[in-house]
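Undergrad: Sharing a structure below in structure tokens format, with a few things to ask.
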Amino acid sequence: MIQKIHNAILRFRIAILHATYHRNMRRMETARSKHDIVNFKTYAYRAEDAWRKIVILTEKIKQNNG
């Protein structure tokens with residue numbers, strides 16, 4: 001029971017991070033079209049960090065279920 005709740009919380013966090021990833025990707029594309037390299041790098045690194053966290057949480061869920 002507790003394991004299911006824990007996995008549900010992890011999945012919720014993944015959903016929030018997934019939205020963060022796409023938001024930063026959209027902002028990164030806007031900065032690229034405006035030729036703003038500073039904002040482009042900022043949003044690219046933020047998107048990369050969000051994706052890294054998604055991968056880590058996904059691996060945790062796999063370990064818990066396995």
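Residue numbering restarts at 1 in every chain; chains get A, B, ... in the order shown in the structure tokens, and ligands count up from 1 in that same order.
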Would you pick out the contacts of stretch 37-49 of chain A at 9 Å or less, using only C-alpha atoms, so that residues sharing its chain but fewer than 3 positions from it are not included, and give the list as a list of chain:residue names?
TA: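 So, after excluding close chain neighbours, the residues are A:Thr20, A:Tyr21, A:His22, A:Arg23, A:Asn24, A:Met25, A:Arg26, A:Arg27, A:Met28, A:Glu29, A:Thr30, A:Ala31, A:Arg32, A:Lys34, A:Arg52, A:Lys53, A:Ile54.
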Undergrad: Residues of stretch 46-66 of chain A that approach stretch 8-17 of chain A to 9 Å or less, counting only C-alpha atoms: could you list each one with the shortest pair of atoms and its distance in Å to one decimal, rows by chain and increasing residue number, as a Markdown table?
TA:
| residue | atom | partner | partner_atom | distance |
| --- | --- | --- | --- | --- |
| A:Ala50 | CA | A:Leu17 | CA | 5.7 |
| A:Trp51 | CA | A:Leu17 | CA | 7.4 |
| A:Lys53 | CA | A:Leu17 | CA | 7.5 |
| A:Ile54 | CA | A:Ile14 | CA | 5.6 |
| A:Val55 | CA | A:Ile14 | CA | 8.8 |
| A:Leu57 | CA | A:Leu10 | CA | 6.5 |
| A:Thr58 | CA | A:Ile14 | CA | 7.7 |
| A:Lys60 | CA | A:Leu10 | CA | 8.4 |
| A:Ile61 | CA | A:Leu10 | CA | 7.3 |
